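S.K.: Structure below; questions to follow.
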Amino acid sequence: MHRVAPMLTLLTAAVFLAFLEPVRAVEADRYCLRGRNWGFPGNCQFATRSQCLASASGTNAYCGINPRYAAPRRR
């Protein structure tokens with residue numbers, strides 16, 4: 001019986017993380033690293049502005065919001 005509890009805990013955690021992963025994937029590209037070395041819209045792999053700014057630190061790059069999120073969605 002003692003072996004079932006850890007396995008049940010791992011299974012519960014795996015199911016919980018599986019439901020969270022699509023949310024993270026959508027939000028992971030909210031900010032873009034831009035600059036001379038990047039094409040438009042830039043390197044859009046950052047979920048937060050602070051992550052983008054940390055990557056831009058010490059370079060000639062800057063951060064901006066991904067154009068997909070900046071403009072309101074049209075039907």
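All residue names refer to the structure tokens as shown: chains lettered A, B, ... in order, residues numbered from 1 in each chain, ligands numbered from 1 in order.
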Might you pull out every residue within 7 Å of Phe46 (chain A), with only C-alpha atoms counted and same-chain residues fewer than 2 positions away left off, and present them as a list in words?

M.R.: Ala28, Asp29, Arg30, Tyr31, Cys32, Cys44, Thr48, Gln51 and Cys52 of chain A

S.K.: Keeping C-alpha atoms, export the residues of the selection given above as a PDB file, in the first residue's frame.

M.R.:
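Writing done, so here's selection_34.pdb:
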```pdb
ATOM      1  CA  ALA A  28       5.711  31.778 -24.167  1.00  0.00           C
ATOM      2  CA  ASP A  29       5.881  34.075 -27.195  1.00  0.00           C
ATOM      3  CA  ARG A  30       4.386  37.277 -25.797  1.00  0.00           C
ATOM      4  CA  TYR A  31       7.635  39.351 -26.039  1.00  0.00           C
ATOM      5  CA  CYS A  32      10.154  39.581 -28.859  1.00  0.00           C
ATOM      6  CA  CYS A  44       9.629  35.824 -29.911  1.00  0.00           C
ATOM      7  CA  THR A  48       7.749  37.985 -19.691  1.00  0.00           C
ATOM      8  CA  GLN A  51      13.094  37.483 -19.486  1.00  0.00           C
ATOM      9  CA  CYS A  52      13.477  39.353 -22.751  1.00  0.00           C
TER      10      CYS A  52
END
```

S.K.: What separation in Å, quoted to one decimal, exists between CA of Pro41 (chain A) and CA of Thr59 (chain A)?

M.R.: 17.3 Å

S.K.: One number please: CA of Tyr62 (chain A) to CA of Gln45 (chain A), in Å, one decimal.

M.R.: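 Spanning CA of Tyr62 (chain A) to CA of Gln45 (chain A) is a straight-line distance of 13.6 Å.
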
S.K.: Can you tell me which residues surround Phe40 (chain A) at a distance of at most 12 Å, considering only C-alpha atoms, apart from same-chain residues fewer than 5 positions away, and format the answer as a list in words?

M.R.: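 My list of contacting residues is Cys32, Leu33, Arg34, Gly35, Gly64, Ile65, Asn66 and Pro67 of chain A.
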
S.K.: Export N, CA, C and O atoms of the chosen residues as a short mmCIF file (atom, residue, chain, number, x, y, z; two decimals), in the first residue's frame?

M.R.:
```cif
data_model
loop_
_atom_site.label_atom_id
_atom_site.label_comp_id
_atom_site.auth_asym_id
_atom_site.auth_seq_id
_atom_site.Cartn_x
_atom_site.Cartn_y
_atom_site.Cartn_z
N CYS A 32 9.17 39.87 -27.82
CA CYS A 32 10.15 39.58 -28.86
C CYS A 32 11.43 40.38 -28.62
O CYS A 32 11.39 41.57 -28.32
N LEU A 33 12.56 39.71 -28.79
CA LEU A 33 13.86 40.35 -28.76
C LEU A 33 14.12 40.89 -30.15
O LEU A 33 14.06 40.16 -31.14
N ARG A 34 14.35 42.17 -30.26
CA ARG A 34 14.51 42.81 -31.57
C ARG A 34 15.84 43.54 -31.64
O ARG A 34 16.39 43.96 -30.65
N GLY A 35 16.29 43.71 -32.84
CA GLY A 35 17.55 44.42 -33.07
C GLY A 35 18.04 44.17 -34.47
O GLY A 35 17.37 43.55 -35.30
N GLY A 64 10.17 44.12 -27.36
CA GLY A 64 8.87 44.67 -27.70
C GLY A 64 7.83 43.57 -27.63
O GLY A 64 8.15 42.38 -27.60
N ILE A 65 6.59 43.98 -27.59
CA ILE A 65 5.52 42.99 -27.54
C ILE A 65 5.36 42.34 -28.91
O ILE A 65 5.58 42.99 -29.94
N ASN A 66 5.04 41.08 -28.92
CA ASN A 66 4.82 40.35 -30.16
C ASN A 66 3.64 40.98 -30.90
O ASN A 66 2.60 41.22 -30.31
N PRO A 67 3.77 41.28 -32.18
CA PRO A 67 2.68 41.91 -32.94
C PRO A 67 1.38 41.11 -32.92
O PRO A 67 0.31 41.67 -33.03
#
```

S.K.: How many Å lie between CA of Ala47 (chain A) and CA of Thr9 (chain A), rounded to one decimal?

M.R.: 28.6 Å
